[in-house]
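Participant: work.pdb is reproduced in full below (PDB, N, CA and C atoms).
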```
ATOM      1  N   MET A   1      70.650  57.804  90.863
ATOM      2  CA  MET A   1      71.183  59.142  90.714
ATOM      3  C   MET A   1      70.499  59.807  89.515
ATOM      4  N   PRO A   2      69.905  60.984  89.706
ATOM      5  CA  PRO A   2      69.206  61.657  88.612
ATOM      6  C   PRO A   2      70.196  62.204  87.590
ATOM      7  N   ARG A   3      69.709  62.318  86.365
ATOM      8  CA  ARG A   3      70.586  62.875  85.345
ATOM      9  C   ARG A   3      70.709  64.382  85.553
ATOM     10  N   PRO A   4      71.811  64.978  85.122
ATOM     11  CA  PRO A   4      72.002  66.421  85.340
ATOM     12  C   PRO A   4      70.989  67.246  84.546
ATOM     13  N   LYS A   5      70.591  68.373  85.107
ATOM     14  CA  LYS A   5      69.666  69.284  84.439
ATOM     15  C   LYS A   5      70.363  69.951  83.258
ATOM     16  N   CYS A   6      69.628  70.126  82.171
ATOM     17  CA  CYS A   6      70.180  70.913  81.070
ATOM     18  C   CYS A   6      69.827  72.381  81.338
ATOM     19  N   TYR A   7      70.633  73.256  80.806
ATOM     20  CA  TYR A   7      70.381  74.675  80.995
ATOM     21  C   TYR A   7      69.164  75.090  80.192
ATOM     22  N   ARG A   8      68.276  75.850  80.801
ATOM     23  CA  ARG A   8      67.088  76.334  80.119
ATOM     24  C   ARG A   8      67.397  77.673  79.479
ATOM     25  N   HIS A   9      66.917  77.875  78.289
ATOM     26  CA  HIS A   9      67.147  79.134  77.581
ATOM     27  C   HIS A   9      66.147  80.165  78.082
ATOM     28  N   VAL A  10      66.649  81.321  78.477
ATOM     29  CA  VAL A  10      65.787  82.438  78.848
ATOM     30  C   VAL A  10      66.190  83.636  78.011
ATOM     31  N   CYS A  11      65.251  84.524  77.816
ATOM     32  CA  CYS A  11      65.460  85.662  76.935
ATOM     33  C   CYS A  11      66.302  86.749  77.590
ATOM     34  N   GLY A  12      66.144  86.933  78.880
ATOM     35  CA  GLY A  12      66.906  87.964  79.563
ATOM     36  C   GLY A  12      66.564  88.028  81.031
ATOM     37  N   ILE A  13      67.342  88.778  81.743
ATOM     38  CA  ILE A  13      67.116  88.988  83.168
ATOM     39  C   ILE A  13      66.237  90.221  83.318
ATOM     40  N   PRO A  14      65.171  90.129  84.101
ATOM     41  CA  PRO A  14      64.297  91.303  84.238
ATOM     42  C   PRO A  14      65.021  92.476  84.890
ATOM     43  N   ASP A  15      64.690  93.684  84.446
ATOM     44  CA  ASP A  15      65.300  94.884  85.024
ATOM     45  C   ASP A  15      64.872  95.074  86.480
ATOM     46  N   LYS A  16      63.631  94.772  86.754
ATOM     47  CA  LYS A  16      63.095  94.863  88.121
ATOM     48  C   LYS A  16      62.973  93.447  88.647
ATOM     49  N   ASN A  17      63.688  93.121  89.720
ATOM     50  CA  ASN A  17      63.691  91.740  90.186
ATOM     51  C   ASN A  17      63.204  91.565  91.622
ATOM     52  N   TYR A  18      62.582  92.592  92.187
ATOM     53  CA  TYR A  18      62.077  92.474  93.552
ATOM     54  C   TYR A  18      60.766  93.243  93.664
ATOM     55  N   PHE A  19      59.739  92.586  94.168
ATOM     56  CA  PHE A  19      58.425  93.202  94.322
ATOM     57  C   PHE A  19      57.914  92.926  95.725
ATOM     58  N   LYS A  20      57.280  93.930  96.324
ATOM     59  CA  LYS A  20      56.742  93.774  97.668
ATOM     60  C   LYS A  20      55.506  94.650  97.826
ATOM     61  N   PRO A  21      54.660  94.316  98.802
ATOM     62  CA  PRO A  21      53.497  95.164  99.062
ATOM     63  C   PRO A  21      53.936  96.549  99.529
ATOM     64  N   ARG A  22      53.225  97.576  99.093
ATOM     65  CA  ARG A  22      53.555  98.938  99.465
ATOM     66  C   ARG A  22      53.193  99.185 100.927
ATOM     67  N   GLY A  23      54.038  99.932 101.608
ATOM     68  CA  GLY A  23      53.761 100.350 102.969
ATOM     69  C   GLY A  23      54.243  99.402 104.047
ATOM     70  N   ILE A  24      54.828  98.267 103.663
ATOM     71  CA  ILE A  24      55.347  97.315 104.637
ATOM     72  C   ILE A  24      56.851  97.193 104.422
ATOM     73  N   PRO A  25      57.651  97.406 105.464
ATOM     74  CA  PRO A  25      59.105  97.277 105.308
ATOM     75  C   PRO A  25      59.489  95.859 104.870
ATOM     76  N   ALA A  26      60.470  95.753 103.993
ATOM     77  CA  ALA A  26      60.911  94.458 103.480
ATOM     78  C   ALA A  26      61.383  93.535 104.599
ATOM     79  N   SER A  27      61.928  94.097 105.660
ATOM     80  CA  SER A  27      62.415  93.275 106.766
ATOM     81  C   SER A  27      61.292  92.538 107.486
ATOM     82  N   GLU A  28      60.061  92.999 107.338
ATOM     83  CA  GLU A  28      58.918  92.370 107.997
ATOM     84  C   GLU A  28      58.204  91.356 107.108
ATOM     85  N   LEU A  29      58.650  91.224 105.868
ATOM     86  CA  LEU A  29      57.966  90.358 104.913
ATOM     87  C   LEU A  29      58.676  89.031 104.717
ATOM     88  N   GLU A  30      57.878  87.992 104.521
ATOM     89  CA  GLU A  30      58.422  86.716 104.100
ATOM     90  C   GLU A  30      58.703  86.838 102.602
ATOM     91  N   GLU A  31      59.791  86.228 102.142
ATOM     92  CA  GLU A  31      60.218  86.368 100.751
ATOM     93  C   GLU A  31      60.066  85.049 100.002
ATOM     94  N   VAL A  32      59.519  85.115  98.802
ATOM     95  CA  VAL A  32      59.393  83.959  97.923
ATOM     96  C   VAL A  32      60.329  84.191  96.742
ATOM     97  N   SER A  33      61.096  83.158  96.384
ATOM     98  CA  SER A  33      62.053  83.286  95.289
ATOM     99  C   SER A  33      61.503  82.610  94.031
ATOM    100  N   LEU A  34      61.454  83.366  92.952
ATOM    101  CA  LEU A  34      61.023  82.877  91.644
ATOM    102  C   LEU A  34      62.274  82.771  90.781
ATOM    103  N   SER A  35      62.600  81.556  90.323
ATOM    104  CA  SER A  35      63.810  81.385  89.525
ATOM    105  C   SER A  35      63.626  82.000  88.137
ATOM    106  N   LEU A  36      64.741  82.219  87.442
ATOM    107  CA  LEU A  36      64.683  82.838  86.121
ATOM    108  C   LEU A  36      63.948  81.967  85.109
ATOM    109  N   ASP A  37      64.051  80.645  85.236
ATOM    110  CA  ASP A  37      63.304  79.799  84.309
ATOM    111  C   ASP A  37      61.805  79.849  84.599
ATOM    112  N   GLU A  38      61.414  80.006  85.850
ATOM    113  CA  GLU A  38      60.001  80.180  86.181
ATOM    114  C   GLU A  38      59.488  81.524  85.654
ATOM    115  N   PHE A  39      60.304  82.563  85.788
ATOM    116  CA  PHE A  39      59.939  83.872  85.244
ATOM    117  C   PHE A  39      59.759  83.802  83.732
ATOM    118  N   GLU A  40      60.683  83.119  83.050
ATOM    119  CA  GLU A  40      60.606  82.992  81.590
ATOM    120  C   GLU A  40      59.364  82.210  81.184
ATOM    121  N   ALA A  41      59.018  81.173  81.926
ATOM    122  CA  ALA A  41      57.817  80.395  81.628
ATOM    123  C   ALA A  41      56.567  81.265  81.744
ATOM    124  N   ILE A  42      56.497  82.089  82.777
ATOM    125  CA  ILE A  42      55.372  83.012  82.938
ATOM    126  C   ILE A  42      55.338  84.014  81.782
ATOM    127  N   ARG A  43      56.493  84.532  81.413
ATOM    128  CA  ARG A  43      56.562  85.509  80.319
ATOM    129  C   ARG A  43      56.072  84.908  79.010
ATOM    130  N   LEU A  44      56.542  83.710  78.695
ATOM    131  CA  LEU A  44      56.166  83.084  77.435
ATOM    132  C   LEU A  44      54.697  82.662  77.415
ATOM    133  N   SER A  45      54.249  82.066  78.503
ATOM    134  CA  SER A  45      52.890  81.530  78.546
ATOM    135  C   SER A  45      51.828  82.611  78.727
ATOM    136  N   ASP A  46      52.008  83.466  79.698
ATOM    137  CA  ASP A  46      50.969  84.432  80.057
ATOM    138  C   ASP A  46      51.117  85.779  79.350
ATOM    139  N   TYR A  47      52.341  86.258  79.191
ATOM    140  CA  TYR A  47      52.539  87.563  78.561
ATOM    141  C   TYR A  47      52.506  87.457  77.036
ATOM    142  N   GLU A  48      53.292  86.511  76.490
ATOM    143  CA  GLU A  48      53.318  86.339  75.031
ATOM    144  C   GLU A  48      52.220  85.408  74.537
ATOM    145  N   GLN A  49      51.517  84.757  75.435
ATOM    146  CA  GLN A  49      50.385  83.876  75.147
ATOM    147  C   GLN A  49      50.732  82.760  74.160
ATOM    148  N   LEU A  50      51.882  82.133  74.381
ATOM    149  CA  LEU A  50      52.286  80.992  73.554
ATOM    150  C   LEU A  50      51.702  79.709  74.133
ATOM    151  N   TYR A  51      51.485  78.738  73.271
ATOM    152  CA  TYR A  51      51.109  77.408  73.739
ATOM    153  C   TYR A  51      52.320  76.783  74.424
ATOM    154  N   GLN A  52      52.059  75.829  75.317
ATOM    155  CA  GLN A  52      53.144  75.226  76.081
ATOM    156  C   GLN A  52      54.192  74.573  75.186
ATOM    157  N   GLU A  53      53.771  73.951  74.107
ATOM    158  CA  GLU A  53      54.721  73.281  73.219
ATOM    159  C   GLU A  53      55.704  74.270  72.591
ATOM    160  N   GLU A  54      55.209  75.396  72.098
ATOM    161  CA  GLU A  54      56.083  76.412  71.499
ATOM    162  C   GLU A  54      56.984  77.055  72.559
ATOM    163  N   ALA A  55      56.423  77.352  73.720
ATOM    164  CA  ALA A  55      57.214  77.944  74.801
ATOM    165  C   ALA A  55      58.315  76.989  75.257
ATOM    166  N   ALA A  56      58.004  75.709  75.336
ATOM    167  CA  ALA A  56      59.000  74.707  75.730
ATOM    168  C   ALA A  56      60.141  74.652  74.720
ATOM    169  N   LYS A  57      59.818  74.732  73.430
ATOM    170  CA  LYS A  57      60.863  74.737  72.402
ATOM    171  C   LYS A  57      61.787  75.936  72.569
ATOM    172  N   ARG A  58      61.213  77.095  72.860
ATOM    173  CA  ARG A  58      62.032  78.299  73.042
ATOM    174  C   ARG A  58      62.949  78.187  74.249
ATOM    175  N   MET A  59      62.496  77.450  75.271
ATOM    176  CA  MET A  59      63.317  77.297  76.476
ATOM    177  C   MET A  59      64.231  76.077  76.406
ATOM    178  N   ASN A  60      64.150  75.288  75.328
ATOM    179  CA  ASN A  60      64.977  74.104  75.132
ATOM    180  C   ASN A  60      64.687  73.018  76.173
ATOM    181  N   ILE A  61      63.404  72.826  76.474
ATOM    182  CA  ILE A  61      62.975  71.808  77.434
ATOM    183  C   ILE A  61      61.766  71.073  76.862
ATOM    184  N   SER A  62      61.387  69.975  77.512
ATOM    185  CA  SER A  62      60.204  69.238  77.055
ATOM    186  C   SER A  62      58.938  69.971  77.489
ATOM    187  N   ARG A  63      57.824  69.636  76.827
ATOM    188  CA  ARG A  63      56.552  70.247  77.173
ATOM    189  C   ARG A  63      56.138  69.866  78.593
ATOM    190  N   GLN A  64      56.441  68.638  79.018
ATOM    191  CA  GLN A  64      56.113  68.203  80.373
ATOM    192  C   GLN A  64      56.890  68.999  81.414
ATOM    193  N   THR A  65      58.167  69.236  81.140
ATOM    194  CA  THR A  65      58.984  70.040  82.052
ATOM    195  C   THR A  65      58.468  71.467  82.100
ATOM    196  N   PHE A  66      58.094  72.015  80.945
ATOM    197  CA  PHE A  66      57.534  73.360  80.916
ATOM    198  C   PHE A  66      56.270  73.429  81.766
ATOM    199  N   GLY A  67      55.399  72.437  81.643
ATOM    200  CA  GLY A  67      54.166  72.397  82.431
ATOM    201  C   GLY A  67      54.446  72.380  83.923
ATOM    202  N   ARG A  68      55.458  71.639  84.319
ATOM    203  CA  ARG A  68      55.836  71.571  85.731
ATOM    204  C   ARG A  68      56.380  72.924  86.213
ATOM    205  N   ILE A  69      57.208  73.561  85.388
ATOM    206  CA  ILE A  69      57.794  74.855  85.747
ATOM    207  C   ILE A  69      56.706  75.924  85.864
ATOM    208  N   ILE A  70      55.801  75.993  84.883
ATOM    209  CA  ILE A  70      54.755  77.021  84.899
ATOM    210  C   ILE A  70      53.810  76.807  86.076
ATOM    211  N   GLY A  71      53.545  75.549  86.413
ATOM    212  CA  GLY A  71      52.693  75.257  87.567
ATOM    213  C   GLY A  71      53.301  75.761  88.866
ATOM    214  N   GLU A  72      54.593  75.507  89.055
ATOM    215  CA  GLU A  72      55.284  75.988  90.258
ATOM    216  C   GLU A  72      55.334  77.508  90.303
ATOM    217  N   ALA A  73      55.598  78.123  89.154
ATOM    218  CA  ALA A  73      55.676  79.588  89.098
ATOM    219  C   ALA A  73      54.342  80.217  89.468
ATOM    220  N   ARG A  74      53.258  79.697  88.923
ATOM    221  CA  ARG A  74      51.930  80.250  89.220
ATOM    222  C   ARG A  74      51.566  80.048  90.679
ATOM    223  N   LYS A  75      51.959  78.913  91.240
ATOM    224  CA  LYS A  75      51.701  78.652  92.663
ATOM    225  C   LYS A  75      52.434  79.672  93.541
ATOM    226  N   LYS A  76      53.678  79.961  93.207
ATOM    227  CA  LYS A  76      54.459  80.931  93.975
ATOM    228  C   LYS A  76      53.865  82.335  93.856
ATOM    229  N   ILE A  77      53.475  82.725  92.650
ATOM    230  CA  ILE A  77      52.908  84.060  92.452
ATOM    231  C   ILE A  77      51.584  84.196  93.192
ATOM    232  N   ALA A  78      50.766  83.155  93.156
ATOM    233  CA  ALA A  78      49.499  83.188  93.896
ATOM    234  C   ALA A  78      49.761  83.325  95.396
ATOM    235  N   ASP A  79      50.752  82.616  95.908
ATOM    236  CA  ASP A  79      51.110  82.702  97.328
ATOM    237  C   ASP A  79      51.522  84.127  97.701
ATOM    238  N   VAL A  80      52.317  84.749  96.845
ATOM    239  CA  VAL A  80      52.769  86.127  97.076
ATOM    240  C   VAL A  80      51.583  87.088  97.112
ATOM    241  N   LEU A  81      50.686  86.964  96.146
ATOM    242  CA  LEU A  81      49.553  87.885  96.066
ATOM    243  C   LEU A  81      48.544  87.677  97.191
ATOM    244  N   ILE A  82      48.247  86.442  97.507
ATOM    245  CA  ILE A  82      47.223  86.153  98.508
ATOM    246  C   ILE A  82      47.710  86.433  99.921
ATOM    247  N   LYS A  83      48.962  86.098 100.217
ATOM    248  CA  LYS A  83      49.485  86.237 101.587
ATOM    249  C   LYS A  83      50.320  87.494 101.800
ATOM    250  N   GLY A  84      50.455  88.342 100.774
ATOM    251  CA  GLY A  84      51.174  89.600 100.920
ATOM    252  C   GLY A  84      52.654  89.433 101.196
ATOM    253  N   LYS A  85      53.308  88.572 100.464
ATOM    254  CA  LYS A  85      54.742  88.334 100.639
ATOM    255  C   LYS A  85      55.533  89.112  99.593
ATOM    256  N   ALA A  86      56.845  89.146  99.769
ATOM    257  CA  ALA A  86      57.735  89.775  98.800
ATOM    258  C   ALA A  86      58.139  88.727  97.763
ATOM    259  N   LEU A  87      58.393  89.167  96.531
ATOM    260  CA  LEU A  87      58.799  88.275  95.453
ATOM    261  C   LEU A  87      60.161  88.697  94.928
ATOM    262  N   LYS A  88      61.101  87.759  94.930
ATOM    263  CA  LYS A  88      62.444  88.008  94.410
ATOM    264  C   LYS A  88      62.661  87.109  93.199
ATOM    265  N   ILE A  89      63.120  87.687  92.092
ATOM    266  CA  ILE A  89      63.373  86.928  90.865
ATOM    267  C   ILE A  89      64.881  86.797  90.697
ATOM    268  N   ALA A  90      65.390  85.572  90.820
ATOM    269  CA  ALA A  90      66.831  85.351  90.703
ATOM    270  C   ALA A  90      67.131  83.862  90.693
ATOM    271  N   GLY A  91      68.285  83.515  90.134
ATOM    272  CA  GLY A  91      68.796  82.160  90.231
ATOM    273  C   GLY A  91      68.265  81.203  89.182
ATOM    274  N   GLY A  92      68.760  79.987  89.256
ATOM    275  CA  GLY A  92      68.346  78.951  88.336
ATOM    276  C   GLY A  92      69.452  78.597  87.360
ATOM    277  N   GLU A  93      69.327  77.418  86.764
ATOM    278  CA  GLU A  93      70.300  76.941  85.794
ATOM    279  C   GLU A  93      69.814  77.342  84.410
ATOM    280  N   VAL A  94      70.257  78.506  83.951
ATOM    281  CA  VAL A  94      69.765  79.066  82.700
ATOM    282  C   VAL A  94      70.910  79.563  81.831
ATOM    283  N   THR A  95      70.612  79.720  80.557
ATOM    284  CA  THR A  95      71.514  80.342  79.598
ATOM    285  C   THR A  95      70.750  81.467  78.925
ATOM    286  N   LEU A  96      71.339  82.637  78.861
ATOM    287  CA  LEU A  96      70.698  83.742  78.157
ATOM    288  C   LEU A  96      70.798  83.478  76.664
ATOM    289  N   ASP A  97      69.682  83.584  75.959
ATOM    290  CA  ASP A  97      69.606  83.249  74.542
ATOM    291  C   ASP A  97      69.755  84.510  73.697
ATOM    292  N   GLU A  98      70.899  84.640  73.024
ATOM    293  CA  GLU A  98      71.160  85.847  72.232
ATOM    294  C   GLU A  98      70.419  85.856  70.901
ATOM    295  N   ASP A  99      69.924  84.708  70.453
ATOM    296  CA  ASP A  99      69.246  84.628  69.155
ATOM    297  C   ASP A  99      67.759  84.945  69.241
ATOM    298  N   ALA A 100      67.187  84.914  70.420
ATOM    299  CA  ALA A 100      65.741  85.112  70.560
ATOM    300  C   ALA A 100      65.409  86.578  70.817
ATOM    301  N   ARG A 101      64.286  87.007  70.279
ATOM    302  CA  ARG A 101      63.779  88.345  70.578
ATOM    303  C   ARG A 101      63.091  88.293  71.927
ATOM    304  N   CYS A 102      63.303  89.291  72.729
ATOM    305  CA  CYS A 102      62.778  89.294  74.091
ATOM    306  C   CYS A 102      61.424  89.968  74.196
ATOM    307  N   GLY A 103      60.832  90.334  73.115
ATOM    308  CA  GLY A 103      59.554  91.017  73.186
ATOM    309  C   GLY A 103      59.711  92.500  73.462
ATOM    310  N   ARG A 104      60.955  92.943  73.586
ATOM    311  CA  ARG A 104      61.234  94.351  73.844
ATOM    312  C   ARG A 104      62.029  94.953  72.686
ATOM    313  N   GLY A 105      62.194  94.167  71.601
ATOM    314  CA  GLY A 105      62.851  94.690  70.406
ATOM    315  C   GLY A 105      64.356  94.791  70.506
ATOM    316  N   ARG A 106      64.977  94.087  71.436
ATOM    317  CA  ARG A 106      66.435  94.125  71.520
ATOM    318  C   ARG A 106      66.951  92.733  71.861
ATOM    319  N   ARG A 107      68.200  92.531  71.638
ATOM    320  CA  ARG A 107      68.799  91.216  71.911
ATOM    321  C   ARG A 107      69.667  91.307  73.156
ATOM    322  N   ARG A 108      69.831  90.161  73.789
ATOM    323  CA  ARG A 108      70.638  90.086  75.002
ATOM    324  C   ARG A 108      71.853  89.200  74.763
ATOM    325  N   LYS A 109      72.905  89.373  75.544
ATOM    326  CA  LYS A 109      74.101  88.567  75.462
ATOM    327  C   LYS A 109      73.837  87.164  75.980
ATOM    328  N   SER A 110      74.670  86.216  75.550
ATOM    329  CA  SER A 110      74.564  84.842  76.013
ATOM    330  C   SER A 110      75.600  84.633  77.115
ATOM    331  N   GLU A 111      75.140  84.149  78.244
ATOM    332  CA  GLU A 111      76.041  83.848  79.347
ATOM    333  C   GLU A 111      75.325  82.941  80.332
ATOM    334  N   ASN A 112      76.091  82.206  81.100
ATOM    335  CA  ASN A 112      75.510  81.335  82.109
ATOM    336  C   ASN A 112      75.348  82.085  83.423
ATOM    337  N   ILE A 113      74.267  81.821  84.121
ATOM    338  CA  ILE A 113      73.975  82.508  85.367
ATOM    339  C   ILE A 113      74.065  81.527  86.500
TER
END
```
Transcribe the structure of this file into structure tokens.

Facilitator:
Amino acid sequence: MPRPKCYRHVCGIPDKNYFKPRGIPASELEEVSLSLDEFEAIRLSDYEQLYQEEAAKRMNISRQTFGRIIGEARKKIADVLIKGKALKIAGGEVTLDEDARCGRGRRRKSENI
């Protein structure tokens, strides 16, 4: 029996959580779901350009777990871009971190999602 997952710290929930190719109705598109911890990994690694070790500390996970999360996130995003699918950002076992700056100059409330 695997040990229970610990909650990953994320900075906030994105304001825009659904992306799709223009000109194609959403009902005709296959949808890929990106969890909030995968979104946070992309934000920390690619947007804020942090090393994996520092990003893992901010998310309260090991560097190996961070590497696994970022790999899955990049694979999903590549699938969306190459095959023209819709991307939905939602879900995951996360805790909003009220002590961390989100890169937008404001703080977010702490709550479980």

Participant: As a check of understanding, name the residues that the PyMOL selection byres (((chain A and resi 32 and name CA) around 10) and name CA) selects in the supplied structure, as a PyMOL selection string.

Facilitator: chain A and resi 18-19+29-31+33-35+76-77+79-80+85-89

Participant: When the PyMOL selection byres (((chain A and resi 53-70 and name CA) around 9) and name CA) is applied to the file above, which residues end up in the set, as a list in words?

Facilitator: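 For this structure, the PyMOL selection byres (((chain A and resi 53-70 and name CA) around 9) and name CA) resolves to Cys6, Tyr7, Arg8, His9, Val10, Cys11, Asp37, Glu38, Phe39, Glu40, Ala41, Ile42, Leu44, Ser45, Leu50, Tyr51, Gln52, Gly71, Glu72, Ala73, Arg74, Lys75, Asp97 and Ala100 of chain A.
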
Participant: To one decimal place, how far is atom N of A:Ala90 from atom N of A:Leu36 in Å?

Facilitator: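 Atom N of A:Ala90 sits 4.8 Å away from atom N of A:Leu36.
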
Participant: Do you have the atom N of A:Asp46-atom CA of A:Ala78 distance handy?

Facilitator: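 It comes out at 14.4 Å.
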
Participant: Separation of atom CA of A:Thr95 and atom N of A:Gln49, in Å?

Facilitator: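 Spanning atom CA of A:Thr95 to atom N of A:Gln49 is a straight-line distance of 20.9 Å.
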
Participant: Can I get C-alpha atoms for stretch 57-71 of chain A, as a PDB file, in the first residue's frame?

Facilitator:
```pdb
ATOM      1  CA  LYS A  57      11.312  23.532  -1.825  1.00  0.00           C
ATOM      2  CA  ARG A  58       8.633  26.108  -2.631  1.00  0.00           C
ATOM      3  CA  MET A  59       6.159  23.335  -3.431  1.00  0.00           C
ATOM      4  CA  ASN A  60       7.122  21.316  -0.307  1.00  0.00           C
ATOM      5  CA  ILE A  61       8.140  18.236  -2.320  1.00  0.00           C
ATOM      6  CA  SER A  62      11.369  16.425  -3.168  1.00  0.00           C
ATOM      7  CA  ARG A  63      13.424  17.379  -6.207  1.00  0.00           C
ATOM      8  CA  GLN A  64      12.725  13.945  -7.732  1.00  0.00           C
ATOM      9  CA  THR A  65       8.977  14.429  -7.339  1.00  0.00           C
ATOM     10  CA  PHE A  66       9.257  17.896  -8.860  1.00  0.00           C
ATOM     11  CA  GLY A  67      11.128  16.426 -11.844  1.00  0.00           C
ATOM     12  CA  ARG A  68       8.390  13.855 -12.350  1.00  0.00           C
ATOM     13  CA  ILE A  69       5.640  16.501 -12.116  1.00  0.00           C
ATOM     14  CA  ILE A  70       7.344  18.920 -14.541  1.00  0.00           C
ATOM     15  CA  GLY A  71       7.969  16.088 -17.005  1.00  0.00           C
TER      16      GLY A  71
END
```
